[in-house]
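Data from run.pdb: PDB, C-alpha atoms
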ATOM      1  CA  MET A   1     -60.594  21.754 -37.935
ATOM      2  CA  PRO A   2     -57.552  19.582 -38.654
ATOM      3  CA  ILE A   3     -57.925  15.837 -38.140
ATOM      4  CA  PHE A   4     -55.770  15.775 -34.990
ATOM      5  CA  GLY A   5     -57.711  18.657 -33.461
ATOM      6  CA  ARG A   6     -61.028  16.961 -34.215
ATOM      7  CA  TRP A   7     -59.754  13.666 -32.793
ATOM      8  CA  LYS A   8     -58.534  15.420 -29.657
ATOM      9  CA  ALA A   9     -61.891  17.171 -29.158
ATOM     10  CA  GLU A  10     -63.778  13.894 -29.608
ATOM     11  CA  ARG A  11     -61.449  12.116 -27.184
ATOM     12  CA  GLN A  12     -61.986  14.858 -24.583
ATOM     13  CA  LEU A  13     -65.749  14.498 -24.975
ATOM     14  CA  GLN A  14     -65.448  10.714 -24.522
ATOM     15  CA  ASP A  15     -63.238  11.162 -21.451
ATOM     16  CA  ARG A  16     -65.788  13.520 -19.895
ATOM     17  CA  ALA A  17     -68.599  11.070 -20.638
ATOM     18  CA  GLU A  18     -66.672   8.202 -19.068
ATOM     19  CA  ARG A  19     -65.942  10.305 -15.973
ATOM     20  CA  PHE A  20     -69.622  11.256 -15.720
ATOM     21  CA  VAL A  21     -70.728   7.620 -16.083
ATOM     22  CA  ARG A  22     -68.214   6.454 -13.439
ATOM     23  CA  GLY A  23     -69.989   8.772 -11.023
ATOM     24  CA  LEU A  24     -73.295   7.094 -11.854
ATOM     25  CA  LEU A  25     -71.912   3.643 -11.112
ATOM     26  CA  GLY A  26     -71.546   4.212  -7.394
ATOM     27  CA  GLU A  27     -73.268   1.791  -5.088
ATOM     28  CA  PRO A  28     -76.506   2.920  -3.453
ATOM     29  CA  ALA A  29     -76.362   3.650   0.255
ATOM     30  CA  ASP A  30     -76.881   0.580   2.450
ATOM     31  CA  GLY A  31     -79.728   2.301   4.292
ATOM     32  CA  ASP A  32     -81.540   2.998   1.037
ATOM     33  CA  VAL A  33     -81.110  -0.593  -0.103
ATOM     34  CA  SER A  34     -82.403  -1.904   3.245
ATOM     35  CA  TRP A  35     -85.374   0.453   3.165
ATOM     36  CA  LEU A  36     -86.347  -0.522  -0.387
ATOM     37  CA  ALA A  37     -85.905  -4.211   0.405
ATOM     38  CA  ASP A  38     -88.209  -3.823   3.404
ATOM     39  CA  VAL A  39     -90.976  -1.900   1.636
ATOM     40  CA  ALA A  40     -90.923  -3.322  -1.870
ATOM     41  CA  THR A  41     -88.776  -6.340  -2.705
ATOM     42  CA  ARG A  42     -89.910  -8.677   0.085
ATOM     43  CA  GLY A  43     -86.484  -8.521   1.715
ATOM     44  CA  ASP A  44     -84.486  -9.103  -1.486
ATOM     45  CA  ALA A  45     -81.582  -6.691  -0.983
ATOM     46  CA  ASP A  46     -79.968  -7.637  -4.305
ATOM     47  CA  HIS A  47     -83.129  -6.714  -6.215
ATOM     48  CA  ALA A  48     -83.408  -3.476  -4.230
ATOM     49  CA  ALA A  49     -79.782  -2.566  -4.960
ATOM     50  CA  TRP A  50     -80.259  -3.225  -8.675
ATOM     51  CA  GLU A  51     -83.391  -1.070  -8.811
ATOM     52  CA  LEU A  52     -81.457   1.789  -7.210
ATOM     53  CA  ARG A  53     -78.490   1.263  -9.544
ATOM     54  CA  TYR A  54     -80.786   1.261 -12.569
ATOM     55  CA  ALA A  55     -82.555   4.391 -11.323
ATOM     56  CA  ARG A  56     -79.325   6.334 -10.779
ATOM     57  CA  ARG A  57     -77.967   5.321 -14.183
ATOM     58  CA  ALA A  58     -81.227   6.036 -16.009
ATOM     59  CA  LEU A  59     -81.665   9.444 -14.390
ATOM     60  CA  GLY A  60     -78.045  10.278 -15.189
ATOM     61  CA  LEU A  61     -78.477   9.369 -18.843
ATOM     62  CA  ILE A  62     -81.715  11.355 -19.059
ATOM     63  CA  THR A  63     -79.940  14.321 -17.495
ATOM     64  CA  ALA A  64     -77.154  14.107 -20.070
ATOM     65  CA  GLN A  65     -79.643  13.898 -22.918
ATOM     66  CA  ARG A  66     -81.812  16.808 -21.876
ATOM     67  CA  ASP A  67     -79.534  19.186 -19.946
ATOM     68  CA  ALA A  68     -76.142  19.026 -21.661
ATOM     69  CA  LEU A  69     -74.728  22.069 -23.432
ATOM     70  CA  ASP A  70     -73.601  20.039 -26.448
ATOM     71  CA  ASP A  71     -76.099  17.982 -28.435
ATOM     72  CA  ARG A  72     -73.551  15.168 -28.775
ATOM     73  CA  THR A  73     -73.247  14.655 -25.031
ATOM     74  CA  GLY A  74     -76.297  12.420 -24.637
ATOM     75  CA  ALA A  75     -75.114  10.019 -27.335
ATOM     76  CA  VAL A  76     -71.564   9.884 -25.986
ATOM     77  CA  VAL A  77     -72.838   9.266 -22.453
ATOM     78  CA  ALA A  78     -75.175   6.515 -23.740
ATOM     79  CA  HIS A  79     -72.205   4.844 -25.429
ATOM     80  CA  ALA A  80     -70.126   5.100 -22.241
ATOM     81  CA  MET A  81     -73.062   3.703 -20.224
ATOM     82  CA  SER A  82     -73.340   0.736 -22.577
ATOM     83  CA  ALA A  83     -69.613   0.051 -22.240
ATOM     84  CA  ALA A  84     -69.924   0.282 -18.447
ATOM     85  CA  PHE A  85     -72.646  -2.379 -18.478
ATOM     86  CA  GLU A  86     -70.375  -4.649 -20.495
ATOM     87  CA  ARG A  87     -67.560  -4.217 -17.956
ATOM     88  CA  ASP A  88     -69.723  -4.453 -14.813
ATOM     89  CA  PRO A  89     -68.414  -7.404 -12.766
ATOM     90  CA  ARG A  90     -71.817  -7.743 -11.045
ATOM     91  CA  ILE A  91     -73.404  -8.757 -14.362
ATOM     92  CA  GLY A  92     -72.678 -12.246 -15.591
ATOM     93  CA  ARG A  93     -71.862 -12.521 -19.290
ATOM     94  CA  ASP A  94     -74.933 -14.672 -19.757
ATOM     95  CA  ARG A  95     -77.068 -11.949 -18.099
ATOM     96  CA  LEU A  96     -75.793  -8.888 -19.970
ATOM     97  CA  GLU A  97     -78.618  -8.781 -22.507
ATOM     98  CA  LEU A  98     -81.197  -9.166 -19.727
ATOM     99  CA  ALA A  99     -79.592  -6.378 -17.694
ATOM    100  CA  GLN A 100     -79.599  -4.087 -20.734
ATOM    101  CA  ARG A 101     -83.276  -4.829 -21.430
ATOM    102  CA  GLN A 102     -84.170  -4.177 -17.796
ATOM    103  CA  PHE A 103     -82.227  -0.917 -17.851
ATOM    104  CA  ASN A 104     -83.906   0.199 -21.078
ATOM    105  CA  ALA A 105     -87.351  -0.503 -19.602
ATOM    106  CA  ARG A 106     -86.512   1.617 -16.585
ATOM    107  CA  LEU A 107     -84.950   4.340 -18.713
ATOM    108  CA  SER A 108     -88.165   4.625 -20.708
ATOM    109  CA  ALA A 109     -90.337   4.631 -17.590
ATOM    110  CA  TYR A 110     -88.240   7.266 -15.797
ATOM    111  CA  ARG A 111     -88.207   9.407 -18.939
ATOM    112  CA  ASP A 112     -92.013   9.171 -19.021
ATOM    113  CA  ALA A 113     -92.226  10.004 -15.313
ATOM    114  CA  LEU A 114     -90.094  13.108 -15.790
ATOM    115  CA  GLY A 115     -91.953  14.230 -18.893
ATOM    116  CA  ALA A 116     -95.507  13.644 -17.698
ATOM    117  CA  ARG A 117     -97.613  16.694 -16.992
ATOM    118  CA  VAL A 118    -100.176  15.288 -14.596
ATOM    119  CA  THR A 119    -101.340  16.164 -11.131
ATOM    120  CA  ALA A 120     -98.662  14.297  -9.172
ATOM    121  CA  ALA A 121     -95.401  16.112  -8.546
ATOM    122  CA  THR A 122     -92.211  14.914 -10.236
ATOM    123  CA  GLY A 123     -90.898  13.326  -7.033
ATOM    124  CA  ALA A 124     -94.086  11.330  -6.585
ATOM    125  CA  ARG A 125     -94.008  10.143 -10.212
ATOM    126  CA  LEU A 126     -90.384   9.055  -9.833
ATOM    127  CA  GLY A 127     -91.141   7.371  -6.512
ATOM    128  CA  ARG A 128     -94.073   5.478  -7.963
ATOM    129  CA  THR A 129     -91.909   4.317 -10.854
ATOM    130  CA  LEU A 130     -89.192   2.992  -8.538
ATOM    131  CA  LEU A 131     -91.689   1.185  -6.333
ATOM    132  CA  ALA A 132     -93.504  -0.278  -9.333
ATOM    133  CA  PHE A 133     -90.301  -1.864 -10.630
ATOM    134  CA  ALA A 134     -89.309  -2.995  -7.142
ATOM    135  CA  GLY A 135     -92.661  -4.670  -6.539
ATOM    136  CA  GLY A 136     -93.961  -2.322  -3.881
ATOM    137  CA  SER A 137     -97.228  -0.473  -3.419
ATOM    138  CA  PHE A 138     -97.323   2.677  -5.524
ATOM    139  CA  ARG A 139    -100.977   3.549  -6.096
ATOM    140  CA  ASP A 140    -101.283   6.101  -3.297
ATOM    141  CA  VAL A 141     -98.786   8.845  -2.556
ATOM    142  CA  ASP A 142     -97.866   7.580   0.880
ATOM    143  CA  ALA A 143     -94.691   7.843   2.958
ATOM    144  CA  ASN A 144     -92.932   5.203   0.859
ATOM    145  CA  VAL A 145     -93.704   6.926  -2.447
ATOM    146  CA  THR A 146     -92.591  10.209  -0.906
ATOM    147  CA  ARG A 147     -89.308   8.735   0.354
ATOM    148  CA  ALA A 148     -88.642   6.998  -2.983
ATOM    149  CA  GLY A 149     -89.355  10.277  -4.783
ATOM    150  CA  GLU A 150     -87.017  12.210  -2.516
ATOM    151  CA  LEU A 151     -84.288   9.636  -3.063
ATOM    152  CA  LEU A 152     -84.612   9.770  -6.856
ATOM    153  CA  THR A 153     -84.925  13.547  -6.869
ATOM    154  CA  ALA A 154     -81.596  13.599  -5.024
ATOM    155  CA  TYR A 155     -80.140  11.253  -7.677
ATOM    156  CA  LEU A 156     -81.378  13.663 -10.338
ATOM    157  CA  ALA A 157     -79.778  16.638  -8.587
ATOM    158  CA  GLU A 158     -76.499  14.711  -8.200
ATOM    159  CA  SER A 159     -76.591  13.869 -11.903
ATOM    160  CA  ASN A 160     -77.050  17.504 -12.834
ATOM    161  CA  GLU A 161     -74.188  18.540 -10.584
ATOM    162  CA  SER A 162     -71.945  15.821 -12.016
ATOM    163  CA  LEU A 163     -72.918  16.782 -15.551
ATOM    164  CA  ARG A 164     -71.888  20.390 -14.935
ATOM    165  CA  ALA A 165     -68.647  19.268 -13.290
ATOM    166  CA  ALA A 166     -67.759  17.001 -16.205
ATOM    167  CA  PHE A 167     -68.970  19.102 -19.131
ATOM    168  CA  GLY A 168     -69.123  22.671 -17.825
ATOM    169  CA  THR A 169     -71.864  25.190 -17.334
ATOM    170  CA  ALA A 170     -73.315  27.794 -19.609
ATOM    171  CA  SER A 171     -72.227  31.284 -18.785
ATOM    172  CA  LEU A 172     -73.182  34.635 -20.190
ATOM    173  CA  PRO A 173     -71.823  38.054 -19.409
ATOM    174  CA  GLU A 174     -74.025  39.688 -16.797
ATOM    175  CA  HIS A 175     -75.121  42.414 -19.204
ATOM    176  CA  VAL A 176     -76.371  39.932 -21.865
ATOM    177  CA  PRO A 177     -79.821  38.390 -21.385
ATOM    178  CA  PRO A 178     -80.253  34.840 -22.721
ATOM    179  CA  SER A 179     -82.854  36.079 -25.199
ATOM    180  CA  ALA A 180     -80.208  38.265 -26.846
ATOM    181  CA  ILE A 181     -78.027  35.325 -27.849
ATOM    182  CA  GLU A 182     -78.143  34.642 -31.572
ATOM    183  CA  ARG A 183     -79.741  31.309 -32.457
ATOM    184  CA  ARG A 184     -77.807  29.308 -35.015
TER
END

Represent the supplied structure as structure tokens.
Amino acid sequence: MPIFGRWKAERQLQDRAERFVRGLLGEPADGDVSWLADVATRGDADHAAWELRYARRALGLITAQRDALDDRTGAVVAHAMSAAFERDPRIGRDRLELAQRQFNARLSAYRDALGARVTAATGARLGRTLLAFAGGSFRDVDANVTRAGELLTAYLAESNESLRAAFGTASLPEHVPPSAIERR
């Protein structure tokens, strides 16, 4: 591929990643923030909002890394996410490194929650993870764990939908089964 064509393809991939990440930067719903503040953060709405922001961003990045059609997508989205943290006006310059460390801790925990093959359902594992970081009770699968799991499962579904909108979906002719596609 000529240099200009390669540059153009890379720029399009970056643009898609930035568009996908912008969708992950939306503010959590006020009702969700209030609920989490009530059940986990001892009334600290700012902490609750940050936990929900971190969760949406982490689940979006995980989605890009595991569900994208192109192997490069996860890395490009991670780069765009890092740049978004640097530009986030809610993060003071002196707090950027702390925010990145906190995000990385949550990213690792949510990745573990999604990958674990234990008795609890995915929603419950995600809910427990959110409540653990927020300071709430997470030992038993109660109504709060269930609600937190439903909320994060919805974030995960939104991320998948946004990923497909930004990067496209796989499509095969109806007469070709996926197993018939040549592996390269």

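Between CA of Arg16 in chain A and CA of Thr73 in chain A the interatomic distance comes to 9.1 Å.
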
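If you measure from each of A:Leu96, A:Leu24, A:Leu163, A:Val145 to Gly74 in chain A using only C-alpha atoms, the closest one turns out to be A:Leu163.
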
Which residue out of A:Ser162, A:Thr169, A:Thr129, A:Gln102 has the minimum interatomic distance to Trp50 in chain A when all atoms listed in the file are used? A:Gln102

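Across the structure, CA of Leu151 in chain A and CA of Gly168 in chain A are spaced 24.9 Å apart.
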
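For the pair CA of Gly23 in chain A and CA of Ala124 in chain A, the interatomic distance is 24.6 Å.
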
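Comparing A:Ala99, A:Ala166, A:Leu61, A:Val141 by their smallest distance to Val77 in chain A, the closest is A:Leu61 (using all atoms listed in the file).
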
Could I see range 113-138 of chain A restored to N, CA and C atoms, set down as a PDB file, in the frame of the given file?
ATOM      1  N   ALA A 113     -91.886   9.399 -16.603  1.00  0.00           N
ATOM      2  CA  ALA A 113     -92.226  10.004 -15.313  1.00  0.00           C
ATOM      3  C   ALA A 113     -91.761  11.455 -15.245  1.00  0.00           C
ATOM      4  N   LEU A 114     -90.598  11.732 -15.803  1.00  0.00           N
ATOM      5  CA  LEU A 114     -90.094  13.108 -15.790  1.00  0.00           C
ATOM      6  C   LEU A 114     -90.839  13.995 -16.773  1.00  0.00           C
ATOM      7  N   GLY A 115     -91.311  13.433 -17.867  1.00  0.00           N
ATOM      8  CA  GLY A 115     -91.953  14.230 -18.893  1.00  0.00           C
ATOM      9  C   GLY A 115     -93.447  14.400 -18.728  1.00  0.00           C
ATOM     10  N   ALA A 116     -94.051  13.600 -17.862  1.00  0.00           N
ATOM     11  CA  ALA A 116     -95.507  13.644 -17.698  1.00  0.00           C
ATOM     12  C   ALA A 116     -95.940  14.962 -17.065  1.00  0.00           C
ATOM     13  N   ARG A 117     -97.041  15.462 -17.550  1.00  0.00           N
ATOM     14  CA  ARG A 117     -97.613  16.694 -16.992  1.00  0.00           C
ATOM     15  C   ARG A 117     -98.982  16.362 -16.404  1.00  0.00           C
ATOM     16  N   VAL A 118     -98.941  15.683 -15.269  1.00  0.00           N
ATOM     17  CA  VAL A 118    -100.176  15.288 -14.596  1.00  0.00           C
ATOM     18  C   VAL A 118    -100.191  15.892 -13.207  1.00  0.00           C
ATOM     19  N   THR A 119    -101.162  15.532 -12.434  1.00  0.00           N
ATOM     20  CA  THR A 119    -101.340  16.164 -11.131  1.00  0.00           C
ATOM     21  C   THR A 119    -100.232  15.844 -10.130  1.00  0.00           C
ATOM     22  N   ALA A 120     -99.688  14.656 -10.153  1.00  0.00           N
ATOM     23  CA  ALA A 120     -98.662  14.297  -9.172  1.00  0.00           C
ATOM     24  C   ALA A 120     -97.359  15.041  -9.461  1.00  0.00           C
ATOM     25  N   ALA A 121     -96.678  15.426  -8.417  1.00  0.00           N
ATOM     26  CA  ALA A 121     -95.401  16.112  -8.546  1.00  0.00           C
ATOM     27  C   ALA A 121     -94.350  15.162  -9.100  1.00  0.00           C
ATOM     28  N   THR A 122     -93.273  15.718  -9.634  1.00  0.00           N
ATOM     29  CA  THR A 122     -92.211  14.914 -10.236  1.00  0.00           C
ATOM     30  C   THR A 122     -91.672  13.871  -9.259  1.00  0.00           C
ATOM     31  N   GLY A 123     -91.418  14.264  -8.022  1.00  0.00           N
ATOM     32  CA  GLY A 123     -90.898  13.326  -7.033  1.00  0.00           C
ATOM     33  C   GLY A 123     -91.831  12.143  -6.829  1.00  0.00           C
ATOM     34  N   ALA A 124     -93.112  12.412  -6.774  1.00  0.00           N
ATOM     35  CA  ALA A 124     -94.086  11.330  -6.585  1.00  0.00           C
ATOM     36  C   ALA A 124     -94.105  10.409  -7.807  1.00  0.00           C
ATOM     37  N   ARG A 125     -94.029  10.977  -9.003  1.00  0.00           N
ATOM     38  CA  ARG A 125     -94.008  10.143 -10.212  1.00  0.00           C
ATOM     39  C   ARG A 125     -92.762   9.266 -10.240  1.00  0.00           C
ATOM     40  N   LEU A 126     -91.615   9.847  -9.886  1.00  0.00           N
ATOM     41  CA  LEU A 126     -90.384   9.055  -9.833  1.00  0.00           C
ATOM     42  C   LEU A 126     -90.485   7.974  -8.763  1.00  0.00           C
ATOM     43  N   GLY A 127     -90.994   8.332  -7.603  1.00  0.00           N
ATOM     44  CA  GLY A 127     -91.141   7.371  -6.512  1.00  0.00           C
ATOM     45  C   GLY A 127     -92.048   6.216  -6.880  1.00  0.00           C
ATOM     46  N   ARG A 128     -93.159   6.534  -7.523  1.00  0.00           N
ATOM     47  CA  ARG A 128     -94.073   5.478  -7.963  1.00  0.00           C
ATOM     48  C   ARG A 128     -93.389   4.548  -8.967  1.00  0.00           C
ATOM     49  N   THR A 129     -92.595   5.119  -9.850  1.00  0.00           N
ATOM     50  CA  THR A 129     -91.909   4.317 -10.854  1.00  0.00           C
ATOM     51  C   THR A 129     -90.926   3.355 -10.188  1.00  0.00           C
ATOM     52  N   LEU A 130     -90.134   3.861  -9.249  1.00  0.00           N
ATOM     53  CA  LEU A 130     -89.192   2.992  -8.538  1.00  0.00           C
ATOM     54  C   LEU A 130     -89.926   1.870  -7.823  1.00  0.00           C
ATOM     55  N   LEU A 131     -90.968   2.207  -7.092  1.00  0.00           N
ATOM     56  CA  LEU A 131     -91.689   1.185  -6.333  1.00  0.00           C
ATOM     57  C   LEU A 131     -92.404   0.196  -7.246  1.00  0.00           C
ATOM     58  N   ALA A 132     -92.865   0.646  -8.391  1.00  0.00           N
ATOM     59  CA  ALA A 132     -93.504  -0.278  -9.333  1.00  0.00           C
ATOM     60  C   ALA A 132     -92.508  -1.331  -9.817  1.00  0.00           C
ATOM     61  N   PHE A 133     -91.311  -0.907 -10.170  1.00  0.00           N
ATOM     62  CA  PHE A 133     -90.301  -1.864 -10.630  1.00  0.00           C
ATOM     63  C   PHE A 133     -89.813  -2.761  -9.493  1.00  0.00           C
ATOM     64  N   ALA A 134     -89.802  -2.220  -8.283  1.00  0.00           N
ATOM     65  CA  ALA A 134     -89.309  -2.995  -7.142  1.00  0.00           C
ATOM     66  C   ALA A 134     -90.370  -3.943  -6.583  1.00  0.00           C
ATOM     67  N   GLY A 135     -91.607  -3.777  -7.008  1.00  0.00           N
ATOM     68  CA  GLY A 135     -92.661  -4.670  -6.539  1.00  0.00           C
ATOM     69  C   GLY A 135     -93.413  -4.163  -5.331  1.00  0.00           C
ATOM     70  N   GLY A 136     -93.289  -2.890  -5.035  1.00  0.00           N
ATOM     71  CA  GLY A 136     -93.961  -2.322  -3.881  1.00  0.00           C
ATOM     72  C   GLY A 136     -95.282  -1.663  -4.242  1.00  0.00           C
ATOM     73  N   SER A 137     -95.960  -1.175  -3.233  1.00  0.00           N
ATOM     74  CA  SER A 137     -97.228  -0.473  -3.419  1.00  0.00           C
ATOM     75  C   SER A 137     -96.934   0.943  -3.891  1.00  0.00           C
ATOM     76  N   PHE A 138     -97.616   1.355  -4.955  1.00  0.00           N
ATOM     77  CA  PHE A 138     -97.323   2.677  -5.524  1.00  0.00           C
ATOM     78  C   PHE A 138     -98.576   3.435  -5.931  1.00  0.00           C
TER      79      PHE A 138
END
